[in-house]
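> Dropping in work08.txt, which is compact mmCIF, C-alpha atoms and all ligand atoms:
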```txt
# COMPACT_ATOMS: atom_id res chain seq x y z
CA MET A 1096 129.93 233.69 187.47
CA GLU A 1097 132.58 232.03 189.56
CA MET A 1098 135.23 229.89 187.83
CA THR A 1099 135.87 226.63 189.67
CA ILE A 1100 137.60 223.28 189.25
CA ARG A 1101 136.25 219.90 190.29
CA TRP A 1102 138.39 218.32 192.98
CA PHE A 1103 137.92 214.81 194.39
CA GLY A 1104 139.76 215.33 197.68
CA SER A 1105 143.42 214.90 198.62
CA LYS A 1106 143.09 211.11 199.03
CA TYR A 1107 141.77 210.57 195.49
CA ASP A 1108 142.86 213.42 193.26
CA THR A 1109 146.25 213.72 191.56
CA VAL A 1110 145.67 217.48 191.35
CA THR A 1111 146.42 219.50 194.49
CA LEU A 1112 144.62 222.50 195.92
CA GLU A 1113 147.91 224.42 195.63
CA GLN A 1114 147.93 223.77 191.88
CA ILE A 1115 144.30 224.78 191.50
CA ARG A 1116 144.94 228.02 193.34
CA GLN A 1117 147.55 228.97 190.73
CA ILE A 1118 145.11 228.76 187.81
CA PRO A 1119 144.29 232.40 187.09
CA GLY A 1120 140.69 233.34 187.81
CA VAL A 1121 139.81 230.20 189.76
CA SER A 1122 138.60 230.87 193.27
CA GLY A 1123 136.70 227.77 194.24
CA VAL A 1124 136.45 224.02 194.01
CA ILE A 1125 133.52 221.75 193.42
CA THR A 1126 134.11 218.80 195.63
CA THR A 1127 132.59 215.85 197.46
CA LEU A 1128 133.21 213.34 200.21
CA TYR A 1129 134.34 210.77 197.68
CA ASP A 1130 134.44 207.88 200.14
CA THR A 1131 130.84 208.15 201.34
CA ALA A 1132 128.41 205.69 199.82
CA PRO A 1133 125.05 206.79 198.38
CA GLY A 1134 122.54 206.85 201.23
CA GLU A 1135 125.09 207.60 203.96
CA ILE A 1136 124.68 210.74 206.06
CA TRP A 1137 127.47 213.29 205.64
CA SER A 1138 128.50 214.24 209.15
CA ILE A 1139 128.93 217.87 210.05
CA GLU A 1140 132.49 217.06 211.23
CA ALA A 1141 133.48 215.58 207.87
CA ILE A 1142 132.04 218.57 206.01
CA ARG A 1143 133.80 220.97 208.36
CA ASP A 1144 137.15 219.20 207.88
CA LEU A 1145 136.81 219.32 204.11
CA LYS A 1146 135.93 222.99 204.26
CA LYS A 1147 138.87 223.76 206.51
CA GLU A 1148 141.26 221.98 204.16
CA VAL A 1149 139.99 223.86 201.09
CA GLU A 1150 139.89 227.23 202.82
CA SER A 1151 143.36 226.92 204.28
CA ALA A 1152 144.60 226.51 200.69
CA GLY A 1153 143.05 229.88 199.83
CA LEU A 1154 140.03 228.52 197.97
CA ASN A 1155 136.39 228.05 198.85
CA ILE A 1156 133.89 225.25 198.38
CA SER A 1157 131.59 226.56 195.67
CA GLY A 1158 129.39 223.52 195.60
CA ILE A 1159 129.14 219.77 196.00
CA GLU A 1160 129.34 217.32 193.11
CA SER A 1161 127.83 215.04 193.93
CA VAL A 1162 125.67 213.94 196.79
CA ASN A 1163 124.69 210.67 195.14
CA ILE A 1164 121.19 209.28 195.24
CA HIS A 1165 120.68 205.78 196.59
CA ASP A 1166 119.19 203.29 194.13
CA ALA A 1167 116.20 202.74 196.46
CA ILE A 1168 115.15 206.34 195.76
CA LYS A 1169 115.57 206.03 191.99
CA VAL A 1170 113.74 202.71 191.90
CA GLY A 1171 111.10 203.83 194.41
CA SER A 1172 111.41 200.80 196.65
CA GLU A 1173 109.75 200.53 200.05
CA ASP A 1174 112.78 201.62 202.01
CA ARG A 1175 113.30 204.84 200.03
CA ASP A 1176 112.05 207.10 202.82
CA ARG A 1177 114.89 206.05 205.06
CA TYR A 1178 117.40 207.08 202.39
CA ILE A 1179 115.58 210.32 201.69
CA ASP A 1180 115.67 211.09 205.44
CA ASN A 1181 119.43 210.57 205.31
CA TYR A 1182 119.69 212.81 202.27
CA ILE A 1183 117.77 215.52 204.09
CA LYS A 1184 120.16 215.26 207.05
CA THR A 1185 123.10 215.62 204.68
CA LEU A 1186 121.52 218.71 203.11
CA GLU A 1187 120.92 220.16 206.59
CA ASN A 1188 124.54 219.62 207.52
CA LEU A 1189 125.73 221.19 204.27
CA GLY A 1190 123.39 224.15 204.78
CA ARG A 1191 124.62 224.65 208.31
CA GLU A 1192 128.16 224.79 206.93
CA ASP A 1193 127.08 227.47 204.45
CA ILE A 1194 127.19 225.30 201.33
CA HIS A 1195 124.33 226.14 198.97
CA LEU A 1196 124.80 224.12 195.79
CA VAL A 1197 124.35 220.39 195.31
CA CYS A 1198 124.78 218.63 191.98
CA TYR A 1199 123.29 215.15 191.64
CA ASN A 1200 122.06 212.86 188.91
CA PHE A 1201 119.18 210.45 188.49
CA MET A 1202 120.75 207.96 186.09
CA PRO A 1203 119.96 204.28 186.57
CA VAL A 1204 122.89 201.85 187.08
CA PHE A 1205 125.57 203.69 185.14
CA ASP A 1206 126.72 207.22 185.63
CA TRP A 1207 128.19 208.75 182.46
CA THR A 1208 129.06 206.17 179.82
CA ARG A 1209 132.05 206.18 177.49
CA THR A 1210 133.46 203.35 175.41
CA GLU A 1211 137.05 204.56 175.50
CA LEU A 1212 138.93 206.46 178.16
CA ALA A 1213 142.08 207.14 176.17
CA ARG A 1214 141.38 207.56 172.47
CA LYS A 1215 144.35 209.14 170.76
CA ARG A 1216 143.80 212.36 168.86
CA PRO A 1217 146.01 213.57 165.97
CA ASP A 1218 148.03 215.81 168.32
CA GLY A 1219 148.92 212.83 170.53
CA SER A 1220 146.61 213.81 173.40
CA THR A 1221 144.14 211.22 174.68
CA VAL A 1222 140.47 211.74 175.40
CA LEU A 1223 137.30 209.99 176.46
CA ALA A 1224 135.20 208.83 173.54
CA TYR A 1225 131.85 207.18 172.79
CA SER A 1226 130.82 204.94 169.96
CA GLN A 1227 127.25 203.68 169.75
CA LYS A 1228 128.40 200.72 167.64
CA THR A 1229 130.67 199.59 170.47
CA ILE A 1230 127.88 199.96 173.02
CA ASP A 1231 125.54 197.93 170.82
CA SER A 1232 128.08 195.14 170.56
CA ILE A 1233 128.98 194.69 174.23
CA ASP A 1234 127.26 193.09 177.14
CA PRO A 1235 126.54 195.77 179.75
CA GLU A 1236 127.85 193.47 182.45
CA ASN A 1237 131.26 193.61 180.79
CA MET A 1238 131.18 197.37 180.41
CA PHE A 1239 133.14 197.98 183.56
CA ALA A 1240 135.83 195.45 182.74
CA SER A 1241 136.22 196.92 179.29
CA ILE A 1242 137.12 200.39 180.47
CA LYS A 1243 138.81 199.92 183.81
CA ASP A 1244 142.23 199.14 182.31
CA ASP A 1245 142.39 202.65 180.88
CA SER A 1246 141.55 204.47 184.10
CA ASN A 1247 145.17 205.18 185.18
CA GLY A 1248 144.35 203.41 188.42
CA ALA A 1249 141.74 206.00 189.39
CA ILE A 1250 138.28 205.19 190.72
CA LEU A 1251 135.89 206.81 188.30
CA PRO A 1252 132.83 208.60 189.71
CA GLY A 1253 129.80 206.34 189.32
CA TRP A 1254 132.00 203.37 188.40
CA GLU A 1255 133.14 202.36 191.86
CA PRO A 1256 134.39 198.73 191.75
CA ASP A 1257 132.24 197.50 194.66
CA ARG A 1258 129.18 198.89 192.90
CA MET A 1259 130.12 197.33 189.59
CA GLU A 1260 130.54 193.93 191.27
CA HIS A 1261 126.77 193.93 191.75
CA ILE A 1262 125.95 195.00 188.25
CA LYS A 1263 123.59 192.07 187.59
CA GLU A 1264 121.54 192.84 190.69
CA LEU A 1265 121.45 196.50 189.71
CA PHE A 1266 119.98 195.64 186.33
CA ASP A 1267 117.39 193.42 188.03
CA LEU A 1268 116.48 196.25 190.37
CA TYR A 1269 115.63 198.54 187.46
CA ARG A 1270 113.76 195.90 185.45
CA ASN A 1271 110.34 197.44 186.05
CA VAL A 1272 111.42 201.07 186.03
CA ASP A 1273 110.48 202.93 182.87
CA GLU A 1274 110.67 206.64 182.09
CA GLU A 1275 107.33 207.44 183.73
CA LYS A 1276 108.27 205.60 186.89
CA LEU A 1277 111.63 207.39 187.00
CA PHE A 1278 109.88 210.76 186.67
CA ASP A 1279 107.47 209.79 189.49
CA ASN A 1280 110.33 208.74 191.74
CA LEU A 1281 112.26 211.93 191.03
CA LYS A 1282 109.15 213.98 191.84
CA TYR A 1283 108.65 212.14 195.12
CA PHE A 1284 112.28 212.75 196.09
CA LEU A 1285 112.23 216.44 195.15
CA GLU A 1286 108.97 217.12 196.96
CA ARG A 1287 110.41 215.65 200.11
CA ILE A 1288 113.69 217.58 199.99
CA MET A 1289 112.41 221.01 198.89
CA PRO A 1290 111.50 222.19 202.43
CA VAL A 1291 115.08 221.72 203.64
CA CYS A 1292 116.38 223.39 200.47
CA ASP A 1293 114.09 226.34 201.15
CA ARG A 1294 115.20 226.55 204.76
CA TYR A 1295 118.93 226.59 203.95
CA ASP A 1296 118.74 228.14 200.47
CA ILE A 1297 120.27 225.10 198.79
CA ASN A 1298 120.11 224.94 195.02
CA MET A 1299 119.67 221.41 193.75
CA ALA A 1300 121.19 221.12 190.28
CA ILE A 1301 120.39 217.91 188.46
CA HIS A 1302 123.09 216.73 186.07
CA PRO A 1303 121.91 215.52 182.67
CA ASP A 1304 122.23 211.92 181.60
CA ASP A 1305 125.34 211.31 179.59
CA PRO A 1306 124.95 210.39 176.80
CA ALA A 1307 121.52 211.98 176.54
CA TRP A 1308 119.61 208.89 175.45
CA PRO A 1309 118.82 205.45 176.91
CA VAL A 1310 121.76 203.05 177.03
CA PHE A 1311 121.52 199.27 177.46
CA GLY A 1312 117.73 199.57 177.54
CA LEU A 1313 117.81 201.57 180.79
CA PRO A 1314 115.51 204.60 180.89
CA ARG A 1315 117.06 208.06 180.98
CA ILE A 1316 115.02 211.20 181.50
CA ILE A 1317 117.28 214.24 181.87
CA THR A 1318 118.09 214.39 178.20
CA SER A 1319 116.28 217.28 176.50
CA LEU A 1320 114.73 220.69 177.06
CA ASP A 1321 111.19 219.22 177.08
CA ASN A 1322 112.10 216.76 179.78
CA ILE A 1323 113.86 219.29 182.01
CA MET A 1324 110.91 221.65 181.65
CA ARG A 1325 108.65 218.82 182.72
CA MET A 1326 110.87 218.15 185.72
CA MET A 1327 110.93 221.80 186.80
CA LYS A 1328 107.18 222.19 186.39
CA MET A 1329 106.37 219.05 188.33
CA VAL A 1330 108.12 220.53 191.39
CA ASP A 1331 107.99 224.24 190.74
CA ASN A 1332 110.54 225.71 193.11
CA VAL A 1333 113.57 227.85 192.24
CA HIS A 1334 115.73 225.45 194.26
CA ASN A 1335 114.81 222.70 191.83
CA GLY A 1336 117.20 223.55 189.02
CA VAL A 1337 119.82 222.17 186.71
CA THR A 1338 123.49 221.70 186.11
CA PHE A 1339 123.86 222.80 182.54
CA CYS A 1340 126.45 220.35 181.25
CA ALA A 1341 127.26 221.30 177.66
CA GLY A 1342 129.13 218.06 176.99
CA SER A 1343 126.25 215.88 178.19
CA TYR A 1344 123.28 217.65 176.59
CA GLY A 1345 125.48 218.16 173.55
CA THR A 1346 125.84 214.42 172.94
CA ASN A 1347 122.41 214.65 171.34
CA ARG A 1348 122.79 216.89 168.33
CA ALA A 1349 119.09 217.76 168.44
CA ASN A 1350 119.84 219.75 171.62
CA ASP A 1351 120.60 223.36 170.71
CA LEU A 1352 122.74 224.35 173.68
CA PRO A 1353 122.51 228.19 173.68
CA THR A 1354 118.73 228.00 173.12
CA MET A 1355 118.38 225.58 176.02
CA ILE A 1356 120.36 227.85 178.35
CA ARG A 1357 118.17 230.80 177.41
CA ALA A 1358 114.99 228.79 178.03
CA LEU A 1359 116.28 227.74 181.46
CA LYS A 1360 116.95 231.28 182.63
CA GLY A 1361 117.00 231.51 186.43
CA ARG A 1362 117.12 227.75 186.93
CA VAL A 1363 120.68 227.03 185.80
CA HIS A 1364 122.50 226.86 189.13
CA PHE A 1365 125.76 225.35 187.93
CA ALA A 1366 127.46 225.04 184.54
CA HIS A 1367 129.87 222.48 183.10
CA VAL A 1368 131.32 223.86 179.90
CA ARG A 1369 133.25 221.66 177.53
CA ASN A 1370 133.45 220.77 173.88
CA LEU A 1371 132.88 217.56 171.92
CA LYS A 1372 134.03 216.61 168.48
CA PHE A 1373 131.58 214.55 166.45
CA ASN A 1374 133.06 212.15 163.93
CA SER A 1375 129.56 210.98 162.99
CA ASP A 1376 126.15 211.19 164.67
CA ASP A 1377 126.93 208.18 166.82
CA ASP A 1378 130.62 208.60 167.44
CA PHE A 1379 132.08 211.49 169.38
CA GLU A 1380 135.19 212.24 171.34
CA GLU A 1381 136.00 214.93 173.84
CA ALA A 1382 138.03 217.84 172.52
CA SER A 1383 139.90 220.72 174.08
CA HIS A 1384 137.59 223.53 175.18
CA LEU A 1385 138.30 225.74 172.15
CA SER A 1386 135.40 226.13 169.68
CA SER A 1387 137.62 225.42 166.67
CA ASP A 1388 138.78 222.09 168.11
CA GLY A 1389 135.29 220.59 168.42
CA SER A 1390 131.68 220.83 167.29
CA PHE A 1391 130.23 223.44 169.68
CA ASP A 1392 130.29 227.23 169.53
CA MET A 1393 131.72 227.95 172.96
CA TYR A 1394 131.30 231.70 172.56
CA GLU A 1395 127.54 231.26 172.03
CA ILE A 1396 127.31 228.99 175.08
CA MET A 1397 129.11 231.51 177.30
CA LYS A 1398 127.11 234.37 175.79
CA ALA A 1399 123.83 232.62 176.61
CA LEU A 1400 124.98 232.12 180.21
CA TYR A 1401 126.02 235.78 180.39
CA ASP A 1402 122.80 237.09 178.84
CA THR A 1403 120.60 235.09 181.21
CA GLY A 1404 122.39 236.61 184.22
CA PHE A 1405 124.03 233.36 185.26
CA ASP A 1406 125.84 233.97 188.55
CA GLY A 1407 126.62 230.46 189.80
CA PRO A 1408 129.78 228.41 189.66
CA ILE A 1409 131.04 227.28 186.29
CA ARG A 1410 133.72 224.71 185.68
CA PRO A 1411 135.66 223.45 182.73
CA ASP A 1412 134.76 219.83 182.29
CA HIS A 1413 136.62 216.76 181.09
CA GLY A 1414 139.96 217.75 179.64
CA ARG A 1415 142.32 215.91 177.36
CA MET A 1416 145.30 214.10 178.86
CA ILE A 1417 148.30 216.11 177.67
CA TRP A 1418 151.96 216.77 178.42
CA GLY A 1419 152.48 213.27 179.80
CA GLU A 1420 150.17 213.77 182.75
CA LYS A 1421 148.83 210.68 184.54
CA ALA A 1422 145.49 211.38 186.18
CA MET A 1423 141.88 210.26 186.34
CA PRO A 1424 140.68 210.28 182.71
CA GLY A 1425 139.10 213.66 182.00
CA TYR A 1426 140.35 215.14 185.26
CA GLY A 1427 143.97 216.07 184.73
CA LEU A 1428 145.26 219.49 185.68
CA TYR A 1429 146.70 220.83 182.45
CA ASP A 1430 143.89 220.77 179.95
CA ARG A 1431 141.27 221.83 182.48
CA ALA A 1432 143.49 224.77 183.47
CA LEU A 1433 143.68 225.73 179.78
CA GLY A 1434 139.90 225.37 179.62
CA ALA A 1435 139.36 227.62 182.64
CA ALA A 1436 141.66 230.30 181.20
CA TYR A 1437 139.90 230.14 177.83
CA LEU A 1438 136.40 230.33 179.33
CA ASN A 1439 137.49 233.24 181.53
CA GLY A 1440 138.80 234.96 178.40
CA LEU A 1441 135.51 234.51 176.58
CA TRP A 1442 133.63 235.85 179.59
CA GLU A 1443 135.85 238.94 179.87
CA ALA A 1444 135.38 239.72 176.18
CA ILE A 1445 131.61 239.31 176.38
CA ASP A 1446 131.43 241.42 179.54
CA LYS A 1447 133.53 244.25 178.04
CA ASN A 1448 131.50 244.22 174.84
CA GLU A 1449 128.21 244.40 176.70
CA LYS A 1450 129.39 247.18 178.99
CA ALA A 1451 130.68 249.23 176.04
CA LYS A 1452 127.24 249.18 174.36
MN MN L 1501 129.05 217.36 183.40
```
Transcribe the structure of this file into structure tokens.

Amino acid sequence: MEMTIRWFGSKYDTVTLEQIRQIPGVSGVITTLYDTAPGEIWSIEAIRDLKKEVESAGLNISGIESVNIHDAIKVGSEDRDRYIDNYIKTLENLGREDIHLVCYNFMPVFDWTRTELARKRPDGSTVLAYSQKTIDSIDPENMFASIKDDSNGAILPGWEPDRMEHIKELFDLYRNVDEEKLFDNLKYFLERIMPVCDRYDINMAIHPDDPAWPVFGLPRIITSLDNIMRMMKMVDNVHNGVTFCAGSYGTNRANDLPTMIRALKGRVHFAHVRNLKFNSDDDFEEASHLSSDGSFDMYEIMKALYDTGFDGPIRPDHGRMIWGEKAMPGYGLYDRALGAAYLNGLWEAIDKNEKAK
């Protein structure tokens, strides 16, 4: 296990590499070329520059989150091969620069969805929150407008303004795409990229849909153990694996997180570990990482990762906004640093216990 922090690059992130380096037990960042559009080739020079910047701060690039998938690939339109060719070139360039983990998602139109970016908790911290009632009462085309005022001026991943300007066209594009079609298109994409993943030993780690059910009538497939098993069987290659995101799978209370991790042994390439607090089945908010602050048993989640021999990068996920910090919602320094320290503590205790047996 390697503890890491997600970092959006010096142009976009309020958190610096120098700060990340001072979090005890964190040796790497999960990063991206935030200003490349889906479908663009990542040049070897740009990757090399990013790597140099991270390494000169005393950290390493532990993986990429994300290399985004162009809509043509998700929809399966005629020009998808061109975009898959570009994706393959990006993977080649990453592999040549010794980067072996790529997180991506296959969500139509919206990336993760929340209805509030700054819900106040009793301790005065603010968190991202989701209410199904709110979703049911708003027009998806207004979704972006409704949350952007709370973003502290940050560009949220998956919610880039120029993308959201075309929201109507995006919905039209997905009109005939149902779950089966989305599975087919994912299979086509994975089959085409697996040879380059084999060549450069690149683990592809699909991020679950968040929340883990269809929103606004759009299909979502990476939502449950059955569906991920189907995905892994349809392209049976160890490089076709998952990002186990506790906070995303955990939105659906039917998902038993430790059981899922155990069932996915060997195919979890990357882990996002965070906690949610359910107020009711269809209203949840993000909590601090501590088990007692939310609805998940974080010890059992870490124990399942430990027991299955997980050796990839792990990162704390969305944190609360605390201590007056102004940052991209979910991605401040302070609460994620607390999360990393807590998860490292759980891991140390589990490790010592196991070794003393
Ligand atoms: Mn996640």
> May I ask which of the residues A:Leu1281, A:Ile1396, A:Ala1366, A:Ile1262 is the closest one to Ile1125 in chain A, counting all atoms listed in the file?
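Answer, going by the shortest atom-to-atom distance: A:Ala1366.
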> What are the closest atom pairs, with distances in Å to one decimal, for all residues of chain A lying within 7 Å of ligand MN 1501 (chain L)? Consider all atoms listed in the file, order rows by chain and residue number, and present the result as JSON lines.

```
{"residue": "A:His1302", "atom": "CA", "partner": "L:MN1501", "partner_atom": "MN", "distance": 6.6}
{"residue": "A:Cys1340", "atom": "CA", "partner": "L:MN1501", "partner_atom": "MN", "distance": 4.5}
{"residue": "A:Gly1342", "atom": "CA", "partner": "L:MN1501", "partner_atom": "MN", "distance": 6.4}
{"residue": "A:Ser1343", "atom": "CA", "partner": "L:MN1501", "partner_atom": "MN", "distance": 6.1}
{"residue": "A:His1367", "atom": "CA", "partner": "L:MN1501", "partner_atom": "MN", "distance": 5.2}
{"residue": "A:Asp1412", "atom": "CA", "partner": "L:MN1501", "partner_atom": "MN", "distance": 6.3}
```
> For range 1162-1173 of chain A, please output as a PDB file with C-alpha atoms, in the coordinates of the input all residues within 7 Å (counting all atoms listed in the file; exclusion window: fewer than 3 positions along the same chain).

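Saved file out30.pdb follows:
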```
ATOM      1  CA  PRO A1133     125.050 206.790 198.380  1.00  0.00           C
ATOM      2  CA  GLY A1134     122.540 206.850 201.230  1.00  0.00           C
ATOM      3  CA  ILE A1159     129.140 219.770 196.000  1.00  0.00           C
ATOM      4  CA  TYR A1178     117.400 207.080 202.390  1.00  0.00           C
ATOM      5  CA  VAL A1197     124.350 220.390 195.310  1.00  0.00           C
ATOM      6  CA  CYS A1198     124.780 218.630 191.980  1.00  0.00           C
ATOM      7  CA  TYR A1199     123.290 215.150 191.640  1.00  0.00           C
ATOM      8  CA  PHE A1201     119.180 210.450 188.490  1.00  0.00           C
ATOM      9  CA  TYR A1269     115.630 198.540 187.460  1.00  0.00           C
ATOM     10  CA  VAL A1272     111.420 201.070 186.030  1.00  0.00           C
ATOM     11  CA  LEU A1277     111.630 207.390 187.000  1.00  0.00           C
ATOM     12  CA  ASN A1280     110.330 208.740 191.740  1.00  0.00           C
ATOM     13  CA  LEU A1281     112.260 211.930 191.030  1.00  0.00           C
TER      14      LEU A1281
END
```
> List the spatial neighbours of range 1217-1233 of chain A as a JSON list (two decimals) with C-alpha atoms, in the frame of the given file - criterion: any atom at most 6 Å away, all atoms listed in the file, same-chain residues fewer than 4 positions off excluded.

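And here is the file that came out, out_31.json:
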```json
[["chain", "number", "residue", "atom", "x", "y", "z"],
["A", 1209, "ARG", "CA", 132.05, 206.18, 177.49],
["A", 1210, "THR", "CA", 133.46, 203.35, 175.41],
["A", 1211, "GLU", "CA", 137.05, 204.56, 175.50],
["A", 1212, "LEU", "CA", 138.93, 206.46, 178.16],
["A", 1213, "ALA", "CA", 142.08, 207.14, 176.17],
["A", 1377, "ASP", "CA", 126.93, 208.18, 166.82],
["A", 1378, "ASP", "CA", 130.62, 208.60, 167.44],
["A", 1379, "PHE", "CA", 132.08, 211.49, 169.38],
["A", 1380, "GLU", "CA", 135.19, 212.24, 171.34],
["A", 1381, "GLU", "CA", 136.00, 214.93, 173.84],
["A", 1415, "ARG", "CA", 142.32, 215.91, 177.36],
["A", 1416, "MET", "CA", 145.30, 214.10, 178.86],
["A", 1417, "ILE", "CA", 148.30, 216.11, 177.67]]
```
> Rounded to one decimal in Å, what is the spacing between CA of Met1355 in chain A and CA of Leu1313 in chain A?
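Computing it gives 24.5 Å between the two atoms.
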> What is the CA of Gly1158 in chain A to CA of Thr1208 in chain A distance in Å?
23.5 Å
> Excluding Lys1328 in chain A and any residue of its chain fewer than 3 positions from it, enumerate the residues within 12 Å of it, using only C-alpha atoms, and give them as a PyMOL selection string.
chain A and resi 1278+1282+1285-1286+1321-1325+1331-1333+1335-1336+1359+1362
